[in-house]
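Visitor: Handing over start_2.txt, compact mmCIF, C-alpha atoms.
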```txt
# COMPACT_ATOMS: atom_id res chain seq x y z
CA MET N 1 53.52 66.40 142.10
CA ALA N 2 56.81 68.26 142.44
CA SER N 3 55.04 71.65 142.47
CA ARG N 4 52.62 70.42 145.12
CA SER N 5 55.55 69.17 147.17
CA TRP N 6 57.29 72.55 146.89
CA ARG N 7 54.09 74.36 147.92
CA SER N 8 53.61 71.89 150.77
CA VAL N 9 57.11 72.61 152.09
CA ARG N 10 56.47 76.32 151.71
CA GLY N 11 53.15 76.06 153.56
CA ARG N 12 54.56 73.91 156.38
CA THR N 13 57.49 76.27 156.83
CA THR N 14 55.23 79.30 156.92
CA LEU N 15 52.81 77.64 159.35
CA GLY N 16 55.63 76.51 161.61
CA ALA N 17 57.24 79.96 161.68
CA THR N 18 53.87 81.61 162.34
CA VAL N 19 53.05 79.23 165.21
CA VAL N 20 56.44 79.83 166.80
CA VAL N 21 56.06 83.59 166.50
CA ALA N 22 52.46 83.39 167.79
CA VAL N 23 53.53 81.48 170.90
CA ALA N 24 56.37 83.93 171.51
CA LEU N 25 54.06 86.93 171.04
CA LEU N 26 51.39 85.50 173.34
CA ILE N 27 53.93 84.81 176.06
CA GLY N 28 55.36 88.29 175.60
CA ALA N 29 51.89 89.90 175.58
CA PHE N 30 50.76 88.16 178.77
CA SER N 31 54.06 88.99 180.45
CA PHE N 32 53.82 92.63 179.38
CA TYR N 33 50.19 92.87 180.52
CA GLY N 34 51.04 91.32 183.89
CA VAL N 35 54.02 93.61 184.47
CA LEU N 36 52.01 96.67 183.38
CA SER N 37 49.07 95.73 185.63
CA ALA N 38 51.35 95.27 188.64
CA SER N 39 53.11 98.54 187.90
CA ILE N 40 49.85 100.52 187.60
CA HIS N 41 48.40 98.90 190.72
CA GLY N 42 51.56 99.67 192.69
CA SER N 43 51.53 103.25 191.48
CA THR N 44 47.91 103.62 192.59
CA GLU N 45 48.73 102.19 196.03
CA ARG N 46 51.63 104.59 196.50
CA ALA N 47 49.49 107.57 195.44
CA ALA N 48 46.68 106.48 197.80
CA GLU N 49 49.06 106.04 200.74
CA GLN N 50 50.66 109.43 200.07
CA ARG N 51 47.21 111.11 199.94
CA LEU N 52 46.23 109.32 203.15
CA GLU N 53 49.29 110.71 204.94
CA GLU N 54 48.32 114.22 203.88
CA LEU N 55 44.78 113.73 205.12
CA THR N 56 46.01 112.24 208.39
CA GLU N 57 47.91 115.44 209.12
CA ARG N 58 44.76 117.48 208.43
CA ALA N 59 42.58 115.26 210.65
CA GLY N 60 43.72 116.87 213.88
CA GLY N 61 40.44 116.13 215.65
CA PRO N 62 37.52 113.86 215.06
CA GLY N 63 35.68 114.92 211.97
CA LYS N 64 37.76 118.06 211.52
CA ASP N 65 37.64 119.21 207.87
CA ILE N 66 36.40 115.73 206.77
CA ASP N 67 32.86 116.83 206.08
CA ALA N 68 34.06 119.57 203.76
CA LEU N 69 36.07 117.24 201.50
CA ASP N 70 34.59 116.59 198.08
CA ASP N 71 35.40 114.02 195.34
CA GLU N 72 37.02 111.74 197.89
CA ILE N 73 35.64 108.78 199.76
CA LEU N 74 36.98 109.22 203.28
CA GLN N 75 35.80 107.96 206.67
CA ILE N 76 36.90 108.13 210.28
CA ILE N 77 35.99 104.90 212.02
CA GLY N 78 36.01 104.47 215.75
CA ALA N 79 37.29 101.60 217.82
CA ASP N 80 33.77 100.13 217.91
CA GLY N 81 33.65 100.05 214.08
CA SER N 82 31.14 102.89 213.71
CA VAL N 83 31.57 105.78 211.33
CA ARG N 84 32.47 108.89 213.34
CA ALA N 85 32.89 111.21 210.35
CA ALA N 86 32.76 110.95 206.57
CA SER N 87 33.27 113.03 203.45
CA GLU N 88 30.36 114.09 201.27
CA ASP N 89 31.01 111.33 198.66
CA ALA N 90 31.36 108.74 201.42
CA ARG N 91 27.99 109.75 202.92
CA GLU N 92 26.29 109.66 199.51
CA LYS N 93 27.73 106.31 198.40
CA LEU N 94 28.13 104.46 201.70
CA GLY N 95 25.85 106.11 204.16
CA SER N 96 26.71 104.73 207.59
CA THR N 97 28.37 101.61 206.19
CA PRO N 98 32.06 101.61 207.18
CA LEU N 99 34.86 100.82 204.76
CA PRO N 100 36.95 97.72 205.52
CA VAL N 101 39.90 98.39 207.76
CA ASP N 102 43.16 96.49 207.27
CA ASP N 103 46.86 97.12 207.61
CA ASP N 104 47.39 96.22 203.93
CA PRO N 105 45.69 97.92 200.98
CA GLN N 106 42.71 95.99 199.64
CA THR N 107 40.12 96.36 196.91
CA THR N 108 36.37 96.50 197.28
CA THR N 109 33.33 97.81 195.45
CA VAL N 110 31.61 101.08 196.32
CA ASP N 111 28.43 101.97 194.47
CA GLY N 112 29.40 99.58 191.66
CA GLU N 113 32.87 101.04 191.32
CA THR N 114 36.10 99.21 192.18
CA VAL N 115 38.14 101.11 194.74
CA LEU N 116 41.42 100.65 196.58
CA VAL N 117 41.07 101.04 200.34
CA VAL N 118 43.96 102.19 202.56
CA SER N 119 43.79 103.02 206.26
CA GLU N 120 45.89 104.81 208.90
CA ASP N 121 45.47 104.94 212.70
CA ILE N 122 44.97 108.41 214.18
CA GLU N 123 44.41 109.75 217.71
CA ARG N 124 41.73 108.50 220.17
CA ASP N 125 41.81 104.91 218.79
CA GLN N 126 40.28 106.05 215.53
CA THR N 127 41.19 104.99 211.98
CA LEU N 128 41.22 107.20 208.91
CA VAL N 129 40.12 105.18 205.84
CA LEU N 130 40.49 106.35 202.20
CA ALA N 131 38.98 104.72 199.15
CA VAL N 132 40.57 105.58 195.80
CA SER N 133 38.85 104.77 192.51
CA MET N 134 40.60 102.22 190.26
CA GLU N 135 38.49 102.91 187.19
CA ASP N 136 41.34 104.78 185.47
CA ASP N 137 43.60 101.79 186.02
CA ALA N 138 40.98 99.47 184.57
CA GLU N 139 40.48 101.73 181.55
CA THR N 140 44.23 101.89 180.94
CA LEU N 141 44.59 98.13 181.11
CA ALA N 142 41.53 97.63 178.91
CA THR N 143 43.02 99.97 176.30
CA VAL N 144 46.31 98.06 176.38
CA ALA N 145 44.49 94.73 176.08
CA THR N 146 42.50 96.05 173.10
CA LEU N 147 45.66 97.28 171.40
CA LEU N 148 47.37 93.95 171.98
CA ALA N 149 44.32 92.05 170.69
CA ILE N 150 44.43 94.11 167.49
CA ALA N 151 48.21 94.27 167.09
CA LEU N 152 48.96 90.58 167.64
CA PRO N 153 46.83 89.22 164.75
CA LEU N 154 48.13 91.97 162.45
CA LEU N 155 51.71 91.16 163.43
CA LEU N 156 51.09 87.45 162.92
CA LEU N 157 49.60 88.18 159.51
CA LEU N 158 52.66 90.24 158.63
CA VAL N 159 54.95 87.43 159.82
CA ALA N 160 53.00 84.85 157.79
CA VAL N 161 53.09 86.95 154.61
CA THR N 162 56.78 87.76 155.08
CA THR N 163 57.66 84.13 155.77
CA TRP N 164 55.64 82.96 152.77
CA SER N 165 57.43 85.45 150.55
CA VAL N 166 60.92 84.80 151.93
CA VAL N 167 60.52 81.01 151.86
CA GLY N 168 59.16 81.23 148.35
CA ARG N 169 62.17 83.23 147.17
CA ALA N 170 64.49 80.84 149.01
CA LEU N 171 62.88 77.67 147.67
CA ARG N 172 62.41 78.86 144.11
CA PRO N 173 66.08 78.29 143.19
CA VAL N 174 65.86 74.86 144.84
CA GLU N 175 62.82 74.06 142.70
CA LEU N 176 64.67 75.20 139.58
CA ILE N 177 67.61 73.00 140.56
CA ARG N 178 65.27 70.07 141.20
CA GLU N 179 63.53 70.49 137.84
CA GLU N 180 66.87 70.66 136.04
CA VAL N 181 68.27 67.62 137.83
CA ASP N 182 65.05 65.70 137.18
CA GLY N 183 65.63 66.17 133.44
CA ILE N 184 69.27 65.04 133.46
CA THR N 185 69.76 61.54 132.09
CA ALA N 186 72.77 59.48 131.04
CA GLU N 187 72.50 61.09 127.59
CA ARG N 188 72.27 64.62 129.03
CA LEU N 189 75.06 64.67 131.58
CA HIS N 190 76.45 67.78 129.90
CA GLN N 191 73.63 69.86 131.39
CA ARG N 192 74.23 71.86 134.55
CA VAL N 193 71.92 73.32 137.17
CA PRO N 194 71.51 77.11 137.43
CA VAL N 195 73.61 78.77 140.12
CA PRO N 196 71.76 81.68 141.79
CA GLU N 197 73.64 84.93 142.32
CA THR N 198 72.88 84.95 146.04
CA ALA N 199 76.25 83.61 147.25
CA ASP N 200 74.45 81.65 149.96
CA GLU N 201 74.02 77.97 150.87
CA ILE N 202 71.73 77.34 147.89
CA ALA N 203 74.35 78.74 145.51
CA ALA N 204 76.92 76.50 147.21
CA LEU N 205 74.55 73.54 146.77
CA ALA N 206 74.16 74.29 143.06
CA THR N 207 77.93 74.64 142.65
CA THR N 208 78.52 71.35 144.46
CA MET N 209 75.89 69.62 142.33
CA ASN N 210 77.48 70.96 139.16
CA GLY N 211 80.81 69.62 140.37
CA MET N 212 79.20 66.22 140.91
CA LEU N 213 77.72 66.35 137.40
CA ASP N 214 81.15 67.25 136.03
CA ARG N 215 82.61 64.16 137.67
CA LEU N 216 79.75 61.96 136.48
CA ASP N 217 80.08 63.35 132.96
CA ALA N 218 83.84 62.74 132.98
CA ALA N 219 83.33 59.21 134.34
CA ALA N 220 80.67 58.43 131.74
CA THR N 221 82.87 59.82 128.95
CA ALA N 222 85.83 57.79 130.19
CA GLN N 223 83.66 54.68 130.40
CA ARG N 224 82.38 55.13 126.85
CA ARG N 225 85.91 55.70 125.62
CA PHE N 226 87.11 52.67 127.58
CA VAL N 227 84.38 50.45 126.13
CA SER N 228 85.17 51.71 122.63
CA ASP N 229 88.91 51.15 123.05
CA ALA N 230 88.42 47.75 124.67
CA SER N 231 86.12 46.69 121.84
CA HIS N 232 88.71 47.80 119.31
CA GLU N 233 91.55 46.03 121.08
CA LEU N 234 89.55 42.79 121.34
CA ARG N 235 88.25 43.01 117.79
CA SER N 236 91.71 43.27 116.26
CA PRO N 237 93.08 39.82 117.29
CA LEU N 238 89.73 38.23 116.60
CA ALA N 239 89.75 39.71 113.10
CA THR N 240 93.30 38.42 112.54
CA ILE N 241 92.32 34.91 113.61
CA ARG N 242 89.23 34.97 111.43
CA GLN N 243 91.13 36.24 108.38
CA HIS N 244 93.75 33.49 108.63
CA ALA N 245 91.07 30.86 109.24
CA GLU N 246 89.09 32.01 106.18
CA LEU N 247 92.26 32.11 104.11
CA ALA N 248 93.19 28.60 105.21
CA GLN N 249 89.67 27.42 104.46
CA ALA N 250 89.62 29.00 100.99
CA HIS N 251 93.19 28.15 100.04
CA PRO N 252 94.33 25.11 102.02
CA ASP N 253 97.28 24.68 99.71
CA VAL N 254 98.63 28.17 100.51
CA THR N 255 98.22 28.32 104.32
CA SER N 256 99.65 25.48 106.34
CA ILE N 257 98.12 24.16 109.54
CA GLY N 258 101.28 25.06 111.42
CA GLU N 259 101.15 28.68 110.26
CA LEU N 260 97.48 28.95 111.18
CA ALA N 261 98.14 27.40 114.59
CA GLU N 262 100.96 29.87 115.24
CA VAL N 263 98.75 32.86 114.40
CA VAL N 264 95.87 31.55 116.52
CA SER N 265 98.21 30.90 119.44
CA GLU N 266 99.81 34.36 119.30
CA GLU N 267 96.52 36.22 118.95
CA GLY N 268 94.91 34.00 121.59
CA LEU N 269 97.66 34.89 124.06
CA ARG N 270 97.17 38.52 123.21
CA LEU N 271 93.43 38.22 123.81
CA GLN N 272 94.09 36.45 127.09
CA GLY N 273 96.45 39.20 128.22
CA ILE N 274 93.92 41.93 127.42
CA VAL N 275 91.08 40.12 129.19
CA GLU N 276 93.21 39.40 132.26
CA SER N 277 94.30 43.04 132.39
CA LEU N 278 90.68 44.21 132.14
CA LEU N 279 89.63 41.85 134.92
CA LEU N 280 92.47 43.10 137.13
CA LEU N 281 91.50 46.72 136.50
CA ALA N 282 87.88 45.90 137.32
CA ARG N 283 88.93 44.32 140.64
CA LEU N 284 91.12 47.32 141.46
CA ASP N 285 88.27 49.72 140.62
CA GLU N 286 85.97 47.83 142.97
CA GLY N 287 88.53 48.04 145.76
CA ALA N 288 88.73 44.27 146.03
CA SER N 289 90.78 43.12 148.99
CA THR N 290 94.18 41.73 148.13
CA HIS N 291 96.57 39.46 149.98
CA ASP N 292 98.45 41.60 152.50
CA GLU N 293 101.86 40.50 153.75
CA ALA N 294 105.38 41.82 154.23
CA VAL N 295 107.07 42.26 150.85
CA ASP N 296 110.74 43.06 150.22
CA LEU N 297 110.66 45.53 147.33
CA ASP N 298 114.43 45.25 146.89
CA ASP N 299 114.03 41.54 146.10
CA ILE N 300 111.39 42.31 143.46
CA ALA N 301 113.57 45.06 141.93
CA LEU N 302 116.66 42.81 141.86
CA GLY N 303 114.59 40.10 140.20
CA GLU N 304 113.65 42.53 137.42
CA VAL N 305 117.29 43.58 137.04
CA ARG N 306 118.32 39.94 136.54
CA ARG N 307 115.48 39.33 134.08
CA LEU N 308 116.33 42.35 131.94
CA ARG N 309 120.04 41.61 131.98
CA ALA N 310 119.31 38.08 130.81
CA ALA N 311 117.51 39.64 127.85
CA GLY N 312 120.60 41.69 127.00
CA ILE N 313 119.40 45.02 128.43
CA ASP N 314 121.92 47.35 130.12
CA VAL N 315 120.33 47.82 133.57
CA ASN N 316 121.82 49.82 136.43
CA GLY N 317 120.70 48.35 139.76
CA SER N 318 123.18 50.10 142.03
CA GLY N 319 120.44 52.29 143.53
CA ILE N 320 118.54 49.38 145.05
CA HIS N 321 118.47 49.37 148.86
CA ALA N 322 116.64 47.15 151.32
CA ALA N 323 113.02 48.20 151.87
CA ARG N 324 109.95 46.34 153.08
CA VAL N 325 106.28 47.22 152.57
CA HIS N 326 102.94 45.54 153.21
CA GLY N 327 100.95 44.43 150.20
CA ASP N 328 100.22 41.72 147.67
CA PRO N 329 103.55 40.38 146.39
CA ARG N 330 102.01 39.24 143.10
CA LEU N 331 100.50 42.64 142.34
CA LEU N 332 103.60 44.55 143.43
CA GLY N 333 105.69 42.29 141.22
CA GLN N 334 103.38 42.99 138.30
CA LEU N 335 103.58 46.74 139.00
CA VAL N 336 107.40 46.78 138.90
CA ARG N 337 107.44 44.52 135.83
CA ASN N 338 105.01 46.76 133.95
CA LEU N 339 107.20 49.79 134.66
CA ALA N 340 110.38 47.89 133.72
CA ASP N 341 108.87 46.63 130.44
CA ASN N 342 107.67 50.14 129.64
CA ALA N 343 111.18 51.52 130.27
CA VAL N 344 112.76 48.86 128.02
CA ARG N 345 110.18 49.52 125.31
CA HIS N 346 111.06 53.23 125.11
CA SER N 347 114.77 53.20 125.98
CA ARG N 348 117.70 53.52 123.61
CA GLY N 349 119.71 50.99 125.57
CA ARG N 350 119.98 52.13 129.21
CA VAL N 351 117.61 51.50 132.10
CA ALA N 352 118.06 52.15 135.84
CA ILE N 353 116.07 50.72 138.74
CA GLY N 354 116.34 52.12 142.26
CA VAL N 355 114.72 51.47 145.65
CA THR N 356 115.24 54.12 148.36
CA PRO N 357 113.56 54.16 151.82
CA SER N 358 113.17 57.62 153.41
CA ASP N 359 110.98 59.26 156.08
CA GLY N 360 108.52 56.40 156.39
CA TYR N 361 108.17 55.83 152.65
CA VAL N 362 109.95 53.83 150.01
CA PHE N 363 110.61 55.30 146.56
CA VAL N 364 110.98 52.95 143.61
CA THR N 365 112.40 54.68 140.52
CA ILE N 366 112.59 53.18 137.03
CA GLU N 367 114.13 55.41 134.36
CA ASP N 368 115.27 55.13 130.77
CA ASP N 369 117.22 57.13 128.19
CA GLY N 370 114.40 57.40 125.68
CA THR N 371 112.59 60.49 124.43
CA GLY N 372 110.69 60.99 127.68
CA VAL N 373 107.05 61.99 128.21
CA PRO N 374 105.89 65.55 127.39
CA ALA N 375 104.64 67.43 130.45
CA GLU N 376 101.13 67.77 129.03
CA GLU N 377 100.90 63.97 128.53
CA ARG N 378 102.17 62.85 131.94
CA GLU N 379 98.73 62.22 133.37
CA ARG N 380 97.11 60.96 130.19
CA ILE N 381 99.56 58.06 129.82
CA PHE N 382 98.03 56.47 132.93
CA GLU N 383 94.63 56.30 131.26
CA ARG N 384 93.50 53.01 129.79
CA PHE N 385 94.35 52.14 126.19
CA VAL N 386 96.43 55.30 125.83
CA ARG N 387 99.55 55.04 123.70
CA LEU N 388 101.53 58.09 122.66
CA ASP N 389 102.04 58.64 118.93
CA GLU N 390 105.56 57.26 118.93
CA ALA N 391 104.37 54.07 120.62
CA ARG N 392 101.30 53.30 118.53
CA SER N 393 102.68 50.01 117.25
CA ARG N 394 101.00 47.17 119.12
CA ASP N 395 104.08 45.06 118.69
CA ALA N 396 106.14 47.62 120.60
CA GLY N 397 103.53 49.46 122.58
CA GLY N 398 101.48 46.72 124.18
CA SER N 399 97.76 47.09 124.81
CA GLY N 400 97.96 50.44 126.56
CA LEU N 401 96.85 48.98 129.90
CA GLY N 402 100.19 48.44 131.65
CA LEU N 403 100.57 51.91 133.16
CA ALA N 404 96.88 52.08 134.09
CA ILE N 405 97.27 48.79 135.96
CA ALA N 406 100.47 50.02 137.61
CA ARG N 407 98.78 53.15 138.96
CA GLY N 408 95.76 51.14 140.08
CA ILE N 409 97.97 48.76 142.06
CA ALA N 410 99.85 51.69 143.59
CA ALA N 411 96.57 53.32 144.65
CA SER N 412 95.31 50.04 146.17
CA GLY N 413 98.46 49.99 148.33
CA HIS N 414 97.89 53.60 149.50
CA GLY N 415 100.72 54.80 147.25
CA THR N 416 101.23 57.04 144.24
CA LEU N 417 102.81 56.68 140.81
CA THR N 418 104.12 59.68 138.87
CA VAL N 419 106.42 60.35 135.94
CA ASP N 420 109.03 63.05 135.31
CA ASP N 421 112.40 63.41 133.54
CA SER N 422 115.22 60.93 134.00
CA ARG N 423 118.89 61.78 134.38
CA TRP N 424 119.37 61.01 130.67
CA GLY N 425 116.42 63.04 129.45
CA GLY N 426 114.05 60.10 129.16
CA ALA N 427 111.19 59.13 131.46
CA ARG N 428 111.49 58.40 135.16
CA PHE N 429 108.59 56.68 136.94
CA VAL N 430 108.48 57.17 140.71
CA LEU N 431 106.45 54.75 142.85
CA THR N 432 105.86 55.90 146.45
CA LEU N 433 104.61 53.42 149.06
CA PRO N 434 104.44 53.56 152.87
CA LEU N 435 107.15 51.50 154.55
CA GLY N 436 106.08 48.36 156.39
CA ALA N 437 107.36 47.00 159.68
```
Just dump the structure as structure tokens.
Guide:
Amino acid sequence: MASRSWRSVRGRTTLGATVVVAVALLIGAFSFYGVLSASIHGSTERAAEQRLEELTERAGGPGKDIDALDDEILQIIGADGSVRAASEDAREKLGSTPLPVDDDPQTTTVDGETVLVVSEDIERDQTLVLAVSMEDDAETLATVATLLAIALPLLLLLVAVTTWSVVGRALRPVELIREEVDGITAERLHQRVPVPETADEIAALATTMNGMLDRLDAAATAQRRFVSDASHELRSPLATIRQHAELAQAHPDVTSIGELAEVVSEEGLRLQGIVESLLLLARLDEGASTHDEAVDLDDIALGEVRRLRAAGIDVNGSGIHAARVHGDPRLLGQLVRNLADNAVRHSRGRVAIGVTPSDGYVFVTIEDDGTGVPAEERERIFERFVRLDEARSRDAGGSGLGLAIARGIAASGHGTLTVDDSRWGGARFVLTLPLGA
């Protein structure tokens, strides 16, 4: 089916190109023939008129030197329309029949031969009439018509063959690309289409398609990794709950109901947090609309400063300035809290939170005095379920979704979230959002 489709496209393209060229050639041929015919006819008229002028000068008297002329059809016609004198050819072919007299050249037939007739008034109310054969003109035009009739089909055949060949060479890479793409499935996203060495639009198409396959492959790999990590994260608390339940069931005298309830409650909260984070990420991925209103980021930042100080954390909030943005206050609050909790988790005792409006944007910075984030890991930490080696402990490192959620919220608010070095050598997260009215 695909091969037939390719051949069908090739055939339609060839037919279309041939028809267009045929119409153009026919128009050109008819135009050329018309121009050539007019040019030859005009040339014959001018030659006939010039010859008539010469003969008029020789015709000094009625019939003078006319009878002696040979190979020319020439008559002198009187005012009464009778033939007063004629050349030998005129007498043989016309007898006493006069040629038509008119101010303009005209064509007629003499003895089965087409002639051009021109006339000129001479003395004594007589008219000198000359008939010039047009057979040479007809032969010339017939030869041109024959050549055109032969050349046009040959040229059309050449165009058809050339178009068929060129279209075939042009479509062959497309067919190879189509065949390759047709064989790519979810399990074979690593395959790529061949890129022809033509450096043309088809090569650009193949390159673009390979780029799309790269993105699909990366997305599928990330999805598989996400599903695997999510399954692992969800399985761990479930396994803990099951183990304690089985232990309590097998040894009721060893495990108390209160201890079992505490474990179930803690792991249940952990499960709830993971599921809620996954649902939030799913909504952010889908671009779900959020509540949009004016939000004072300085109020959110000051709230985090008070919360951390209440927990005994040394927090510097002197860099917080008034700034207002448009967004969902709940999500923005969660974003700042995730960054603050991450800073506390990795700090040695000092954390700083700043809010600075500038040039139409507001910059929220949260930094710590921890070990920082290596340059090669600064993008990976925003992936889901990623925890650096030093933060592998679930008790200290969370589920690995906080920074992914933070970047997702920033992106939903048309902002960015990056990380670099803090003033103390730790990590500094910079949230950039457009200022609101």
Visitor: Applying 10 Å and all atoms listed in the file, which residues near N:Gly370 remain after dropping the ones on its own chain fewer than 5 positions away? List them as a ChimeraX atom specification.
Guide: /N:343-351,422,424-428
Visitor: Please tabulate, as a tab-separated table, the residues of stretch 59-172 of chain N that come within 12 Å of stretch 183-197 of chain N, each with its closest pair of atoms and the distance in Å to one decimal, counting only C-alpha atoms and ordering rows by chain, then residue number upward.
Guide:
```
residue	atom	partner	partner_atom	distance
N:Arg169	CA	N:Pro196	CA	11.1
N:Ala170	CA	N:Pro196	CA	10.3
N:Leu171	CA	N:Pro196	CA	11.4
N:Arg172	CA	N:Pro196	CA	10.0
```
Visitor: Nearest to N:Gly28 among N:Ile73, N:Val373, N:Leu297, N:Leu148, with distances taken over all atoms listed in the file: which residue is it?
Guide: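 That would be N:Leu148, the residue with the smallest distance to N:Gly28.
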Visitor: Grab the atom CA of N:Ser96 to atom CA of N:Ala48 distance for me, in Å with one decimal place.
Guide: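 Between atom CA of N:Ser96 and atom CA of N:Ala48 the gap is 22.3 Å.
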Visitor: With all atoms listed in the file as the basis for distance, which of N:Leu431, N:Leu25, N:Ile409, N:Ala142 is at the shortest distance from N:Leu281?
Guide: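 Ranking N:Leu431, N:Leu25, N:Ile409, N:Ala142 by distance to N:Leu281, first place goes to N:Ile409.
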Visitor: So what do you get for atom CA of N:Asp328 versus atom CA of N:Glu293, distance-wise?
Guide: 6.4 Å
Visitor: What is the atom CA of N:Phe226-atom CA of N:Asn338 distance in Å, reported with one decimal?
Guide: 19.9 Å
Visitor: So which residues touch N:Arg46 within 12 Å, counting all atoms listed in the file, skipping near sequence neighbours fewer than 4 positions away, as a compact mmCIF listing (two decimals) with C-alpha atoms, in the frame of the given file?
Guide:
```
# COMPACT_ATOMS: atom_id res chain seq x y z
CA SER N 39 53.11 98.54 187.90
CA ILE N 40 49.85 100.52 187.60
CA HIS N 41 48.40 98.90 190.72
CA GLY N 42 51.56 99.67 192.69
CA GLN N 50 50.66 109.43 200.07
CA ARG N 51 47.21 111.11 199.94
CA LEU N 52 46.23 109.32 203.15
CA GLU N 53 49.29 110.71 204.94
CA ASP N 104 47.39 96.22 203.93
CA PRO N 105 45.69 97.92 200.98
CA LEU N 116 41.42 100.65 196.58
CA VAL N 117 41.07 101.04 200.34
CA VAL N 118 43.96 102.19 202.56
CA VAL N 132 40.57 105.58 195.80
```
Visitor: Counting all atoms listed in the file, figure out which residue out of N:Asp359, N:Asp298, N:Glu201, N:Ala145 gets nearest to N:Phe32.
Guide: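 Of N:Asp359, N:Asp298, N:Glu201, N:Ala145, the one nearest N:Phe32 is N:Ala145, counting all atoms listed in the file.
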Visitor: Can you tell me, as a VMD selection string, what residues are no more than 8 Å from N:Arg324 when counting all atoms listed in the file, ignoring any on the same chain fewer than 3 positions away?
Guide: chain N and resid 294 to 298 435 to 437
Visitor: I'd like the neighbourhood of N:Thr97 as a PyMOL selection string, where a residue qualifies if any of its atoms comes within 10 Å (using all atoms listed in the file), though same-chain residues fewer than 5 positions away should be ignored.
Guide: chain N and resi 75+81-83+90-91
Visitor: Out of N:Arg215, N:Arg337, N:His251, N:Arg270, which residue has the shortest atom-to-atom distance to N:Arg307 when counting only C-alpha atoms?
Guide: N:Arg337
Visitor: Of the candidates N:Leu99, N:Ile76, N:Ala323, N:Met209, which one gets nearest to N:Val364 if we count all atoms listed in the file?
Guide: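 Of N:Leu99, N:Ile76, N:Ala323, N:Met209, the one nearest N:Val364 is N:Ala323, counting all atoms listed in the file.
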Visitor: Around (34.2, 104.5, 209.6) in the file's frame, which residues reach within 12 Å when counting only C-alpha atoms? Return as an mmCIF file with C-alpha atoms, in the coordinates of the input?
Guide:
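Here's the written file result_27.cif:
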```
data_model
loop_
_atom_site.group_PDB
_atom_site.id
_atom_site.type_symbol
_atom_site.label_atom_id
_atom_site.label_comp_id
_atom_site.auth_asym_id
_atom_site.auth_seq_id
_atom_site.Cartn_x
_atom_site.Cartn_y
_atom_site.Cartn_z
ATOM 1 C CA PRO N 62 37.520 113.860 215.060
ATOM 2 C CA GLY N 63 35.680 114.920 211.970
ATOM 3 C CA ILE N 66 36.400 115.730 206.770
ATOM 4 C CA ILE N 73 35.640 108.780 199.760
ATOM 5 C CA LEU N 74 36.980 109.220 203.280
ATOM 6 C CA GLN N 75 35.800 107.960 206.670
ATOM 7 C CA ILE N 76 36.900 108.130 210.280
ATOM 8 C CA ILE N 77 35.990 104.900 212.020
ATOM 9 C CA GLY N 78 36.010 104.470 215.750
ATOM 10 C CA ALA N 79 37.290 101.600 217.820
ATOM 11 C CA ASP N 80 33.770 100.130 217.910
ATOM 12 C CA GLY N 81 33.650 100.050 214.080
ATOM 13 C CA SER N 82 31.140 102.890 213.710
ATOM 14 C CA VAL N 83 31.570 105.780 211.330
ATOM 15 C CA ARG N 84 32.470 108.890 213.340
ATOM 16 C CA ALA N 85 32.890 111.210 210.350
ATOM 17 C CA ALA N 86 32.760 110.950 206.570
ATOM 18 C CA SER N 87 33.270 113.030 203.450
ATOM 19 C CA ALA N 90 31.360 108.740 201.420
ATOM 20 C CA ARG N 91 27.990 109.750 202.920
ATOM 21 C CA LEU N 94 28.130 104.460 201.700
ATOM 22 C CA GLY N 95 25.850 106.110 204.160
ATOM 23 C CA SER N 96 26.710 104.730 207.590
ATOM 24 C CA THR N 97 28.370 101.610 206.190
ATOM 25 C CA PRO N 98 32.060 101.610 207.180
ATOM 26 C CA LEU N 99 34.860 100.820 204.760
ATOM 27 C CA PRO N 100 36.950 97.720 205.520
ATOM 28 C CA VAL N 101 39.900 98.390 207.760
ATOM 29 C CA SER N 119 43.790 103.020 206.260
ATOM 30 C CA GLU N 120 45.890 104.810 208.900
ATOM 31 C CA ASP N 121 45.470 104.940 212.700
ATOM 32 C CA ASP N 125 41.810 104.910 218.790
ATOM 33 C CA GLN N 126 40.280 106.050 215.530
ATOM 34 C CA THR N 127 41.190 104.990 211.980
ATOM 35 C CA LEU N 128 41.220 107.200 208.910
ATOM 36 C CA VAL N 129 40.120 105.180 205.840
ATOM 37 C CA LEU N 130 40.490 106.350 202.200
ATOM 38 C CA ALA N 131 38.980 104.720 199.150
#
```
